[in-house]
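Asker: Got data-v1.txt for you, compact mmCIF, C-alpha atoms:
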# COMPACT_ATOMS: atom_id res chain seq x y z
CA MET A 1 17.86 -48.79 41.58
CA ARG A 2 14.63 -48.09 39.71
CA PHE A 3 15.10 -44.35 40.25
CA GLN A 4 18.65 -44.51 38.87
CA SER A 5 17.43 -46.37 35.78
CA LEU A 6 14.76 -43.77 35.13
CA LEU A 7 17.32 -41.02 35.50
CA MET A 8 19.66 -42.73 33.05
CA ILE A 9 16.86 -43.05 30.50
CA ALA A 10 15.98 -39.38 30.98
CA LEU A 11 19.58 -38.32 30.47
CA VAL A 12 20.07 -40.47 27.37
CA ALA A 13 16.74 -39.54 25.82
CA SER A 14 16.84 -35.79 26.53
CA PRO A 15 18.66 -34.75 23.31
CA ALA A 16 16.09 -36.67 21.30
CA PHE A 17 13.33 -34.38 22.59
CA ALA A 18 15.13 -31.26 21.37
CA GLN A 19 13.86 -30.07 17.97
CA LYS A 20 16.23 -29.83 15.05
CA ASP A 21 17.46 -26.47 13.82
CA VAL A 22 15.80 -25.65 10.50
CA GLN A 23 16.50 -22.88 8.02
CA TRP A 24 13.82 -21.56 5.71
CA THR A 25 13.98 -19.52 2.52
CA LEU A 26 11.13 -17.69 0.84
CA ALA A 27 10.68 -19.23 -2.60
CA GLN A 28 7.68 -17.28 -3.91
CA SER A 29 5.49 -14.58 -2.50
CA THR A 30 2.54 -12.35 -3.22
CA LEU A 31 1.98 -9.51 -0.80
CA SER A 32 -0.89 -7.15 -1.42
CA TYR A 33 -2.32 -4.21 0.48
CA HIS A 34 -5.95 -3.25 0.15
CA MET A 35 -6.97 0.38 0.09
CA SER A 36 -10.60 1.33 0.46
CA HIS A 37 -12.35 4.58 -0.45
CA PRO A 38 -16.09 5.17 -0.99
CA MET A 39 -15.35 5.46 -4.73
CA HIS A 40 -12.34 3.17 -4.99
CA GLU A 41 -11.26 -0.31 -4.05
CA VAL A 42 -7.60 -0.75 -4.86
CA ASP A 43 -5.12 -3.58 -4.33
CA GLY A 44 -1.39 -3.04 -4.65
CA THR A 45 0.62 -6.20 -5.16
CA SER A 46 4.29 -7.08 -4.90
CA HIS A 47 6.11 -10.28 -5.78
CA ALA A 48 9.51 -8.88 -4.81
CA ALA A 49 9.63 -10.00 -1.18
CA ARG A 50 12.61 -11.94 0.08
CA GLY A 51 12.72 -13.85 3.30
CA LYS A 52 14.72 -16.14 5.49
CA GLY A 53 13.93 -17.92 8.67
CA THR A 54 15.58 -20.02 11.30
CA CYS A 55 14.07 -22.34 13.82
CA HIS A 56 16.44 -22.72 16.71
CA ALA A 57 15.96 -23.80 20.28
CA GLY A 58 12.24 -24.24 19.75
CA LEU A 59 11.61 -20.76 18.43
CA CYS A 60 11.28 -19.68 14.81
CA ASP A 61 12.49 -16.25 13.71
CA ILE A 62 11.40 -15.18 10.26
CA LEU A 63 12.52 -12.10 8.39
CA ILE A 64 10.72 -10.87 5.29
CA ALA A 65 11.57 -7.66 3.45
CA VAL A 66 10.05 -6.05 0.40
CA PRO A 67 10.81 -2.74 -1.33
CA VAL A 68 7.93 -0.28 -0.92
CA LYS A 69 8.20 0.79 -4.54
CA SER A 70 7.69 -2.78 -5.78
CA PHE A 71 3.96 -2.59 -4.99
CA ASP A 72 1.93 -2.18 -8.15
CA SER A 73 -1.69 -1.03 -7.97
CA GLY A 74 -2.13 -0.91 -11.74
CA ASP A 75 -1.60 2.83 -11.97
CA THR A 76 1.82 4.53 -11.89
CA ASN A 77 0.42 7.80 -10.58
CA ARG A 78 -1.24 6.09 -7.63
CA ASP A 79 1.90 4.08 -6.87
CA LEU A 80 4.07 7.19 -6.84
CA HIS A 81 1.58 8.90 -4.58
CA MET A 82 1.65 5.86 -2.27
CA LEU A 83 5.46 6.00 -2.29
CA GLU A 84 5.37 9.65 -1.24
CA THR A 85 2.65 9.21 1.39
CA THR A 86 4.39 6.26 3.02
CA ARG A 87 7.79 8.04 2.91
CA GLY A 88 8.92 5.16 0.71
CA ALA A 89 12.05 6.90 -0.59
CA GLN A 90 13.26 7.71 2.92
CA PHE A 91 12.27 4.28 4.26
CA PRO A 92 12.48 2.10 1.16
CA MET A 93 11.84 -1.30 2.74
CA VAL A 94 8.94 -2.93 4.51
CA VAL A 95 10.51 -5.30 7.01
CA VAL A 96 8.49 -7.94 8.82
CA ARG A 97 9.91 -10.00 11.66
CA ALA A 98 7.82 -12.92 12.82
CA HIS A 99 8.31 -15.09 15.88
CA PHE A 100 6.44 -18.24 16.81
CA PRO A 101 7.12 -21.53 18.58
CA GLN A 102 8.74 -24.18 16.42
CA SER A 103 6.08 -26.65 17.49
CA GLN A 104 3.56 -24.71 15.36
CA THR A 105 5.48 -25.46 12.15
CA THR A 106 3.58 -28.72 11.83
CA GLU A 107 0.15 -27.30 12.54
CA SER A 108 -2.43 -25.98 10.11
CA THR A 109 -2.50 -22.55 11.76
CA ILE A 110 0.51 -20.62 12.96
CA TYR A 111 -0.01 -17.80 15.42
CA ALA A 112 2.87 -15.41 14.99
CA ASP A 113 3.97 -12.29 16.79
CA LEU A 114 4.92 -9.72 14.18
CA GLU A 115 7.00 -6.60 14.11
CA VAL A 116 6.36 -4.60 10.96
CA GLN A 117 8.76 -1.79 10.07
CA PHE A 118 7.21 0.51 7.52
CA ALA A 119 7.21 4.24 6.79
CA GLY A 120 9.73 4.87 9.55
CA GLN A 121 7.58 3.27 12.23
CA ALA A 122 7.53 -0.14 13.81
CA ALA A 123 4.19 -1.69 14.73
CA HIS A 124 3.74 -4.89 16.68
CA TYR A 125 0.93 -7.37 16.09
CA GLN A 126 0.46 -10.36 18.31
CA HIS A 127 -1.11 -13.77 17.65
CA VAL A 128 -1.69 -13.11 13.96
CA PRO A 129 -3.06 -16.33 12.44
CA PHE A 130 -1.51 -17.73 9.25
CA GLN A 131 -2.74 -20.81 7.44
CA ARG A 132 -0.10 -23.42 6.71
CA ALA A 133 -0.31 -26.17 4.10
CA ASP A 134 2.33 -28.62 2.92
CA GLN A 135 3.07 -28.64 -0.80
CA GLY A 136 5.60 -31.41 -1.29
CA HIS A 137 8.91 -30.14 0.03
CA GLN A 138 7.52 -26.65 0.33
CA VAL A 139 5.16 -24.98 2.74
CA HIS A 140 2.39 -22.63 1.69
CA ILE A 141 1.65 -19.85 4.18
CA SER A 142 -1.25 -17.44 3.81
CA GLY A 143 -2.83 -14.87 6.05
CA GLU A 144 -3.57 -11.23 6.62
CA ILE A 145 -1.77 -8.59 8.66
CA PRO A 146 -4.33 -6.18 10.13
CA ALA A 147 -2.34 -3.03 9.40
CA THR A 148 -3.77 0.46 9.53
CA CYS A 149 -2.53 3.84 8.33
CA SER A 150 -2.44 5.16 11.88
CA ASP A 151 -0.15 2.31 12.99
CA PHE A 152 2.53 3.84 10.79
CA LYS A 153 1.50 7.49 11.18
CA ILE A 154 0.57 7.70 7.51
CA ASP A 155 -1.58 10.67 6.54
CA ARG A 156 -4.52 9.11 4.76
CA PRO A 157 -4.71 10.25 1.13
CA SER A 158 -8.05 11.70 0.11
CA PHE A 159 -10.00 11.82 -3.11
CA LEU A 160 -12.76 14.42 -3.56
CA THR A 161 -11.93 15.51 0.01
CA VAL A 162 -12.87 12.05 1.38
CA PRO A 163 -9.91 10.18 2.92
CA ILE A 164 -9.31 6.48 2.39
CA LYS A 165 -10.22 4.05 5.17
CA ASN A 166 -7.72 3.71 7.98
CA GLU A 167 -7.53 -0.07 7.49
CA ILE A 168 -4.97 -1.23 4.93
CA PRO A 169 -4.92 -5.01 5.48
CA ILE A 170 -1.94 -6.77 3.92
CA LYS A 171 -2.66 -10.16 2.41
CA VAL A 172 0.25 -12.56 2.55
CA ASP A 173 0.66 -15.57 0.29
CA MET A 174 4.05 -17.25 0.46
CA ILE A 175 5.83 -20.46 -0.43
CA TRP A 176 8.69 -21.39 1.88
CA GLN A 177 11.24 -24.12 1.48
CA THR A 178 13.81 -25.60 3.82
CA ASN A 179 17.46 -25.18 2.96
CA MET B 1 19.83 -45.15 60.20
CA MET B 2 23.09 -43.82 58.83
CA ARG B 3 22.58 -45.81 55.61
CA LYS B 4 19.08 -44.36 55.14
CA ALA B 5 20.41 -40.81 55.47
CA THR B 6 23.16 -41.49 52.93
CA LEU B 7 20.62 -42.99 50.54
CA ARG B 8 18.36 -39.90 50.91
CA GLN B 9 21.32 -37.60 50.26
CA ALA B 10 22.24 -39.61 47.13
CA LYS B 11 18.65 -39.40 45.90
CA LEU B 12 18.54 -35.65 46.46
CA LEU B 13 21.82 -35.29 44.61
CA LEU B 14 20.48 -37.31 41.68
CA LEU B 15 17.24 -35.31 41.64
CA GLY B 16 19.27 -32.09 41.62
CA SER B 17 21.31 -33.40 38.70
CA ALA B 18 18.15 -34.35 36.85
CA LEU B 19 16.70 -30.87 37.35
CA LEU B 20 19.98 -29.37 36.18
CA CYS B 21 19.86 -31.53 33.05
CA PHE B 22 16.34 -30.33 32.33
CA ALA B 23 17.47 -26.74 32.80
CA VAL B 24 20.21 -27.08 30.21
CA LEU B 25 17.98 -28.90 27.72
CA PRO B 26 17.52 -26.97 24.47
CA ALA B 27 15.09 -24.16 25.20
CA GLY B 28 12.97 -25.46 22.34
CA ALA B 29 11.91 -28.53 24.20
CA GLN B 30 10.79 -26.37 27.09
CA SER B 31 8.97 -23.74 25.05
CA ASP B 32 7.28 -26.49 23.07
CA ALA B 33 6.01 -27.88 26.30
CA SER B 34 4.72 -24.52 27.47
CA SER B 35 3.16 -23.65 24.11
CA SER B 36 1.42 -26.99 23.91
CA VAL B 37 -0.08 -26.29 27.30
CA GLN B 38 -1.38 -22.94 26.02
CA LYS B 39 -2.84 -24.63 22.96
CA GLN B 40 -4.63 -27.16 25.08
CA GLU B 41 -6.14 -24.33 27.04
CA GLY B 42 -7.14 -22.76 23.74
CA SER B 43 -5.89 -19.37 24.83
CA ILE B 44 -3.80 -18.61 21.75
CA PRO B 45 -6.28 -19.58 19.02
CA SER B 46 -9.14 -17.70 20.65
CA GLN B 47 -7.16 -14.47 20.88
CA PRO B 48 -7.66 -12.08 17.99
CA PRO B 49 -4.56 -10.40 16.50
CA GLN B 50 -3.42 -7.69 18.87
CA LYS B 51 -1.45 -4.57 18.30
CA SER B 52 0.90 -3.56 21.02
CA GLN B 53 2.77 -0.40 20.14
CA THR B 54 4.27 1.73 17.44
CA GLU B 55 7.73 3.17 17.57
CA GLN B 56 9.66 5.55 15.38
CA LEU B 57 12.63 4.24 13.43
CA PRO B 58 15.73 5.84 11.99
CA SER B 59 16.04 6.05 8.19
CA ALA B 60 18.53 3.21 8.00
CA PRO B 61 17.18 -0.35 8.07
CA ALA B 62 17.28 -1.92 11.51
CA PRO B 63 19.81 -4.64 12.16
CA ALA B 64 18.86 -8.10 13.36
CA GLN B 65 17.68 -8.17 16.93
CA SER B 66 19.91 -11.00 18.07
CA SER B 67 22.78 -12.92 16.56
CA GLY B 68 20.62 -15.98 15.77
CA GLU B 69 18.05 -14.10 13.71
CA PRO B 70 18.46 -13.49 9.99
CA SER B 71 19.34 -9.91 9.09
CA LEU B 72 18.36 -7.71 6.16
CA SER B 73 21.79 -8.17 4.61
CA ASP B 74 21.14 -11.95 4.44
CA LEU B 75 18.30 -11.37 1.99
CA GLY B 76 20.50 -10.13 -0.83
CA PHE B 77 19.04 -6.68 -1.39
CA THR B 78 21.49 -4.18 -2.81
CA ALA B 79 22.58 -1.13 -0.81
CA GLN B 80 20.81 1.04 -3.37
CA GLN B 81 17.53 -0.74 -2.64
CA THR B 82 17.78 -0.46 1.12
CA SER B 83 19.40 2.94 1.63
CA PRO B 84 17.23 6.03 2.10
CA ASP B 85 17.01 8.56 -0.72
CA LEU B 86 16.04 11.87 0.86
CA LYS B 87 16.39 13.74 -2.43
CA LEU B 88 13.87 11.45 -4.09
CA GLN B 89 11.54 11.84 -1.11
CA ALA B 90 11.71 15.63 -1.51
CA VAL B 91 10.99 15.34 -5.25
CA LEU B 92 8.04 13.03 -4.55
CA GLU B 93 6.64 15.48 -2.02
CA LYS B 94 6.94 18.39 -4.44
CA ARG B 95 5.34 16.29 -7.17
CA THR B 96 2.43 15.27 -4.94
CA GLU B 97 1.89 18.86 -3.81
CA MET B 98 1.77 20.15 -7.39
CA LEU B 99 -0.50 17.32 -8.56
CA ARG B 100 -2.80 17.92 -5.59
CA ILE B 101 -3.23 21.53 -6.76
CA HIS B 102 -3.67 20.20 -10.32
CA GLN B 103 -6.44 17.89 -9.12
CA LYS B 104 -8.26 20.60 -7.14
CA LEU B 105 -8.04 23.19 -9.90
CA GLY B 106 -9.05 20.56 -12.46
CA LEU B 107 -12.25 19.80 -10.56
CA ILE B 108 -12.95 23.52 -10.07
CA THR B 109 -12.43 24.09 -13.82
CA ALA B 110 -15.12 21.52 -14.60
CA ALA B 111 -17.78 23.82 -13.05
CA PRO B 112 -17.41 26.89 -15.36
CA MET B 113 -16.79 24.50 -18.26
CA MET B 114 -20.16 22.83 -17.69
CA ALA B 115 -21.82 26.23 -17.22
CA ALA B 116 -20.26 27.46 -20.48
CA LEU B 117 -21.61 24.38 -22.27
CA ILE B 118 -25.08 24.97 -20.84
CA THR B 119 -25.10 28.68 -21.70
CA GLY B 120 -23.67 28.03 -25.19
CA PRO B 121 -27.02 27.49 -26.94
CA MET B 122 -28.38 30.63 -25.21
CA ALA B 123 -25.61 32.65 -26.84
CA LYS B 124 -26.37 31.33 -30.31
CA ALA B 125 -27.85 33.79 -32.79
CA LYS B 126 -31.29 32.97 -34.10
CA GLY B 127 -32.88 34.08 -37.30
CA LYS B 128 -31.68 34.22 -40.87
CA ASN B 129 -28.54 35.85 -42.12
CA GLY B 130 -29.00 39.44 -43.12
CA GLN B 131 -31.98 39.96 -40.81
CA PRO B 132 -31.53 41.90 -37.56
CA ILE B 133 -30.50 39.56 -34.73
CA THR B 134 -32.65 39.96 -31.65
CA GLU B 135 -31.39 36.89 -29.85
CA PRO B 136 -29.21 36.34 -27.94
CA SER B 137 -29.12 39.41 -25.78
CA GLN B 138 -25.77 41.08 -25.13
CA ALA B 139 -26.02 39.95 -21.50
CA ASN B 140 -26.29 36.30 -22.59
CA LEU B 141 -23.30 36.68 -24.88
CA ASP B 142 -21.22 38.41 -22.24
CA PHE B 143 -22.11 35.85 -19.58
CA HIS B 144 -21.16 32.97 -21.88
CA ALA B 145 -17.94 34.73 -22.87
CA ALA B 146 -17.06 35.35 -19.23
CA LEU B 147 -17.62 31.67 -18.41
CA GLY B 148 -15.47 30.67 -21.38
CA GLY B 149 -12.72 33.05 -20.33
CA THR B 150 -12.79 31.77 -16.72
CA THR B 151 -12.67 28.17 -17.95
CA ALA B 152 -9.67 28.89 -20.18
CA ALA B 153 -7.78 30.72 -17.41
CA LEU B 154 -8.41 27.94 -14.88
CA TYR B 155 -7.65 25.24 -17.45
CA PHE B 156 -4.21 26.61 -18.33
CA THR B 157 -3.36 27.15 -14.65
CA THR B 158 -4.39 23.53 -13.99
CA ALA B 159 -2.26 22.34 -16.91
CA TYR B 160 0.72 24.32 -15.62
CA PHE B 161 0.79 22.35 -12.35
CA ALA B 162 0.70 19.03 -14.23
CA ILE B 163 3.36 20.03 -16.76
CA ARG B 164 5.71 21.53 -14.16
CA ALA B 165 5.34 18.68 -11.63
CA PRO B 166 8.70 16.88 -11.38
CA ARG B 167 9.10 13.63 -13.29
CA ILE B 168 10.38 10.57 -11.43
CA PRO B 169 13.20 8.91 -13.37
CA GLY B 170 12.89 5.22 -14.20
CA THR B 171 9.11 5.22 -14.00
CA HIS B 172 7.22 3.46 -16.77
CA LYS B 173 3.73 4.83 -16.89
CA HIS B 174 0.84 2.41 -16.96
CA GLY B 175 -2.80 2.36 -15.95
CA GLY B 176 -5.35 5.16 -16.00
CA ILE B 177 -2.69 7.89 -15.99
CA ARG B 178 -1.79 6.98 -19.59
CA PHE B 179 -5.36 7.63 -20.76
CA HIS B 180 -5.46 10.77 -18.63
CA GLU B 181 -2.37 12.10 -20.38
CA ALA B 182 -3.42 10.88 -23.85
CA LEU B 183 -6.74 12.71 -23.53
CA ALA B 184 -4.81 15.94 -22.92
CA PHE B 185 -3.87 15.78 -26.61
CA ILE B 186 -7.56 16.22 -27.38
CA HIS B 187 -8.75 18.68 -24.74
CA GLY B 188 -5.48 20.68 -24.83
CA PRO B 189 -5.77 21.80 -28.47
CA GLY B 190 -9.53 21.99 -27.92
CA MET B 191 -9.04 24.49 -25.12
CA ILE B 192 -6.87 26.63 -27.41
CA LEU B 193 -9.25 26.40 -30.36
CA THR B 194 -12.52 26.87 -28.48
CA PRO B 195 -11.81 30.42 -27.19
CA ILE B 196 -10.36 31.50 -30.57
CA LEU B 197 -13.45 30.24 -32.39
CA GLY B 198 -15.56 31.74 -29.63
CA ILE B 199 -14.02 35.19 -30.13
CA MET B 200 -14.61 34.90 -33.89
CA ALA B 201 -18.23 33.89 -33.28
CA TYR B 202 -18.67 36.70 -30.75
CA ASN B 203 -17.34 39.27 -33.21
CA GLN B 204 -19.60 37.98 -35.97
CA GLU B 205 -22.67 38.10 -33.71
CA SER B 206 -21.72 41.51 -32.35
CA SER B 207 -21.59 42.88 -35.88
CA GLY B 208 -25.08 41.56 -36.52
CA GLU B 209 -24.04 38.50 -38.50
CA LYS B 210 -25.01 34.96 -37.93
CA VAL B 211 -21.99 32.85 -37.03
CA HIS B 212 -20.46 31.40 -40.17
CA GLY B 213 -17.31 29.86 -41.53
CA ILE B 214 -14.84 28.20 -39.20
CA ALA B 215 -16.36 30.09 -36.23
CA SER B 216 -19.44 27.87 -36.54
CA ALA B 217 -17.25 24.98 -35.27
CA HIS B 218 -17.00 26.73 -31.88
CA GLY B 219 -19.88 24.71 -30.40
CA PRO B 220 -18.83 21.22 -31.64
CA VAL B 221 -15.19 21.83 -30.69
CA ALA B 222 -16.28 22.92 -27.21
CA VAL B 223 -18.43 19.80 -26.80
CA VAL B 224 -15.58 17.46 -27.87
CA THR B 225 -13.17 19.32 -25.57
CA ALA B 226 -15.51 19.04 -22.59
CA ALA B 227 -16.15 15.35 -23.30
CA ALA B 228 -12.41 14.63 -23.46
CA TYR B 229 -11.91 16.66 -20.28
CA GLY B 230 -14.61 14.68 -18.44
CA ALA B 231 -13.18 11.39 -19.70
CA SER B 232 -9.78 12.53 -18.48
CA ILE B 233 -11.15 13.01 -14.94
CA VAL B 234 -12.80 9.59 -15.05
CA ALA B 235 -9.61 7.94 -16.39
CA VAL B 236 -7.47 9.15 -13.51
CA SER B 237 -10.13 8.13 -11.00
CA TRP B 238 -10.55 4.62 -12.42
CA PRO B 239 -11.63 2.10 -11.20
CA ILE B 240 -14.65 3.83 -9.73
CA HIS B 241 -16.73 2.00 -7.17
CA TRP B 242 -20.08 3.43 -8.21
CA LYS B 243 -22.26 2.13 -5.40
CA PHE B 244 -20.30 4.10 -2.84
CA TRP B 245 -23.26 4.25 -0.48
CA GLU B 246 -23.08 0.48 0.01
CA LYS B 247 -21.03 -0.80 2.90
CA GLN B 248 -17.89 -2.73 1.98
What would you get if you wrote out this structure as structure tokens?

Answerer:
Amino acid sequence: MRFQSLLMIALVASPAFAQKDVQWTLAQSTLSYHMSHPMHEVDGTSHAARGKGTCHAGLCDILIAVPVKSFDSGDTNRDLHMLETTRGAQFPMVVVRAHFPQSQTTESTIYADLEVQFAGQAAHYQHVPFQRADQGHQVHISGEIPATCSDFKIDRPSFLTVPIKNEIPIKVDMIWQTN
Amino acid sequence: MMRKATLRQAKLLLLGSALLCFAVLPAGAQSDASSSVQKQEGSIPSQPPQKSQTEQLPSAPAPAQSSGEPSLSDLGFTAQQTSPDLKLQAVLEKRTEMLRIHQKLGLITAAPMMAALITGPMAKAKGKNGQPITEPSQANLDFHAALGGTTAALYFTTAYFAIRAPRIPGTHKHGGIRFHEALAFIHGPGMILTPILGIMAYNQESSGEKVHGIASAHGPVAVVTAAAYGASIVAVSWPIHWKFWEKQ
């Protein structure tokens, strides 16, 4: 009798344990890559990213895309050179797909598995930490993607015969809101 | 005995049903459970970001991986923004190639330009007008003239690669490149004037006269031209991280 009661409770309560489906939209974003050379420190920034996400069946899938040519380093010549080096006309979008458990959406740090499509290559990064903070009805996400030129088979540009550093970390600062 | 066996069978049946219910629960509840276990173990937070692999993609943007995931078309980008432009890529590559040559030749040009500036005073006539000029020697004059000629030849070749590099439509120039181009309006005419004035000065000195008239502006014009040229190199390299020996 007791066993049957427990089973009944389990059956009735089971849907309550399932997490709700949630849809997210990127409200604001600042993405910036950092390029380092012995004589230069340059940041290229874009505010043109768009993103959507769904949390379904306990897993969140996020898609963010940004045009390569929207990155502004403060110098047109450098930006055009970046566009050429990264094959930005042939592959005009940087596409990032992130996956993480829905349970992390309430925590201060989200560890996401990322697939970054850029310059005709797709690189995968696992357990990339992002800081999460609530801002009213919105969520502020910030972090850094540890990208490198070699991940995307980008020939490193050089100045005075010295190439830039292989590391081109991408800083991410985003505001997301639920639909 | 029979009753006990029936009861056991009923219990097994119920347990099987319960397991079945758990199996068809939303996957979220299960993955949450598993992820929370990992968190408790601290395995995820302690792991640094890891790269797994890189793969080559076709030119067209990739579709969504499964039906539940958002796709690129959901984001509202226009087809023009997302479709590849191979013609533009070819133009960009040609532009970069020409500007790379422009950059190399520009830096090479700076060497004879500096040497011409240094040898300039050595090619200047000394003494009063009307008196026989003993200095500079013909060798000094010729050396300075050769340096000036080399500088001019390299300069105009360098300029050719910048002028003939393809323009990218819809680009609004900003940043150091604007100063770089604006300074060309100083060193460009300067590089035309300097050799002309130099030839005039050379002819005057060769005929035993001290440089006079407009030819006497050869030196100042050359200095202004070289200064604008140097500033032009700095402008396109800006911002310069001077302490390059320090670790970042």

Asker: Give the answer as one residue: which of A:Arg87, A:His40, A:Gly136, A:Ile110 has the shortest atom-to-atom distance to Ile175 in chain A, using only C-alpha atoms?

Answerer: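 For Ile175 in chain A, the nearest of the candidates is A:Gly136.
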
Asker: Determine, for each residue of chain A having at least one atom at most 8 Å from an atom of chain B, the closest pair of atoms and their separation in Å to one decimal, counting all atoms listed in the file; order by chain and ascending number, as a tab-separated table.

Answerer:
residue	atom	partner	partner_atom	distance
A:Gln4	CA	B:Leu14	CA	7.9
A:Leu7	CA	B:Ala18	CA	6.9
A:Leu11	CA	B:Cys21	CA	7.3
A:Ser14	CA	B:Leu25	CA	7.1
A:Pro15	CA	B:Leu25	CA	7.4
A:Phe17	CA	B:Ala29	CA	6.2
A:Ala18	CA	B:Ala29	CA	5.1
A:Gln19	CA	B:Gly28	CA	6.4
A:Pro38	CA	B:Phe244	CA	4.7
A:Met39	CA	B:His241	CA	4.5
A:His40	CA	B:His241	CA	5.0
A:Glu41	CA	B:His241	CA	6.7
A:Arg50	CA	B:Leu75	CA	6.0
A:Gly51	CA	B:Leu75	CA	6.2
A:Lys52	CA	B:Pro70	CA	6.4
A:Gly53	CA	B:Pro70	CA	6.5
A:Thr54	CA	B:Glu69	CA	6.9
A:His56	CA	B:Gly28	CA	7.2
A:Ala57	CA	B:Gly28	CA	4.0
A:Gly58	CA	B:Gly28	CA	3.0
A:Leu59	CA	B:Gly28	CA	6.3
A:Asp61	CA	B:Glu69	CA	6.0
A:Ile62	CA	B:Pro70	CA	7.3
A:Leu63	CA	B:Pro70	CA	6.3
A:Ala65	CA	B:Leu72	CA	7.3
A:Pro67	CA	B:Gln81	CA	7.1
A:Gly74	CA	B:Gly175	CA	5.4
A:Asp75	CA	B:Gly175	CA	4.2
A:Thr76	CA	B:Lys173	CA	5.4
A:Asn77	CA	B:Ile177	CA	6.2
A:Leu80	CA	B:Leu92	CA	7.4
A:His81	CA	B:Thr96	CA	6.4
A:Leu83	CA	B:Leu92	CA	7.8
A:Glu84	CA	B:Leu92	CA	5.4
A:Arg87	CA	B:Gln89	CA	6.7
A:Gly88	CA	B:Gln89	CA	7.4
A:Ala89	CA	B:Gln89	CA	5.0
A:Gln90	CA	B:Pro84	CA	4.4
A:Phe91	CA	B:Pro84	CA	5.7
A:Pro92	CA	B:Thr82	CA	5.9
A:Met93	CA	B:Thr82	CA	6.2
A:Pro101	CA	B:Asp32	CA	6.7
A:Gln102	CA	B:Asp32	CA	7.2
A:Ser103	CA	B:Asp32	CA	5.7
A:Tyr111	CA	B:Ile44	CA	7.4
A:Gln117	CA	B:Leu57	CA	7.9
A:Gly120	CA	B:Leu57	CA	4.9
A:Gln121	CA	B:Gln56	CA	4.4
A:Ala122	CA	B:Glu55	CA	5.0
A:Ala123	CA	B:Thr54	CA	4.4
A:His124	CA	B:Ser52	CA	5.4
A:Tyr125	CA	B:Lys51	CA	4.3
A:Gln126	CA	B:Gln50	CA	4.7
A:His127	CA	B:Pro49	CA	5.0
A:Val128	CA	B:Pro49	CA	4.7
A:Pro129	CA	B:Pro49	CA	7.3
A:Pro146	CA	B:Pro49	CA	7.6
A:Asp151	CA	B:Thr54	CA	6.3
A:Phe152	CA	B:Thr54	CA	7.2

Asker: Calculate how many Å separate CA of Thr119 in chain B from CA of His218 in chain B, rounding to one decimal.

Answerer: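 Here the two named atoms are 13.2 Å from each other.
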
Asker: Draw an axis-aligned box over all listed atoms of range 168-180 of chain B, pad each side with 4 Å, and write its centre and edge lengths in Å, one decimal, as JSON.

Answerer:
{"center_x": 3.9, "center_y": 6.6, "center_z": -16.1, "size_x": 26.7, "size_y": 16.4, "size_z": 17.3}

Asker: Can you list, as a PyMOL selection string, every protein, DNA or RNA residue that comes within 6 Å of Gln177 in chain A when you count all atoms listed in the file, leaving out same-chain residues fewer than 3 positions away?

Answerer: chain A and resi 24-25+138

Asker: Quick one: residues within 12 Å of Pro157 in chain A, all atoms listed in the file counted, chain neighbours fewer than 2 positions away excluded, as a list in words?

Answerer: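 Skipping anything fewer than 2 positions along the chain leaves Met35, Ser36, His37, Arg78, His81, Met82, Leu83, Glu84, Thr85, Thr86, Cys149, Ile154, Asp155, Phe159, Leu160, Thr161, Val162, Pro163, Ile164, Lys165 and Asn166 of chain A; Thr96, Glu97 and Arg100 of chain B.
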
Asker: Can you measure CA of Pro112 in chain B to CA of Glu205 in chain B for me? One decimal in Å is fine.

Answerer: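 Between CA of Pro112 in chain B and CA of Glu205 in chain B the gap is 22.1 Å.
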
Asker: Which is closest to Asp134 in chain A among A:Thr30, A:Ser150, A:Ser108, A:Ser158, if we use only C-alpha atoms?

Answerer: A:Ser108

Asker: Just how far from CA of Glu167 in chain A is CA of Phe100 in chain A, in Å to one decimal?

Answerer: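 That distance, rounded to one decimal, is 24.7 Å.
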
Asker: Place N, CA and C atoms on range 195-202 of chain B and deliver the coordinates as a tab-separated table (two decimals), in the frame of the given file.

Answerer:
chain	number	residue	atom	x	y	z
B	195	PRO	N	-11.70	28.96	-27.42
B	195	PRO	CA	-11.81	30.42	-27.19
B	195	PRO	C	-11.57	31.23	-28.47
B	196	ILE	N	-10.63	30.76	-29.32
B	196	ILE	CA	-10.36	31.50	-30.57
B	196	ILE	C	-11.62	31.52	-31.44
B	197	LEU	N	-12.21	30.33	-31.60
B	197	LEU	CA	-13.45	30.24	-32.39
B	197	LEU	C	-14.57	31.02	-31.72
B	198	GLY	N	-14.55	31.00	-30.40
B	198	GLY	CA	-15.56	31.74	-29.63
B	198	GLY	C	-15.46	33.24	-29.87
B	199	ILE	N	-14.23	33.75	-29.89
B	199	ILE	CA	-14.02	35.19	-30.13
B	199	ILE	C	-14.50	35.55	-31.54
B	200	MET	N	-14.17	34.67	-32.50
B	200	MET	CA	-14.61	34.90	-33.89
B	200	MET	C	-16.14	34.93	-33.95
B	201	ALA	N	-16.77	33.96	-33.28
B	201	ALA	CA	-18.23	33.89	-33.28
B	201	ALA	C	-18.83	35.12	-32.59
B	202	TYR	N	-18.20	35.53	-31.50
B	202	TYR	CA	-18.67	36.70	-30.75
B	202	TYR	C	-18.63	37.95	-31.62
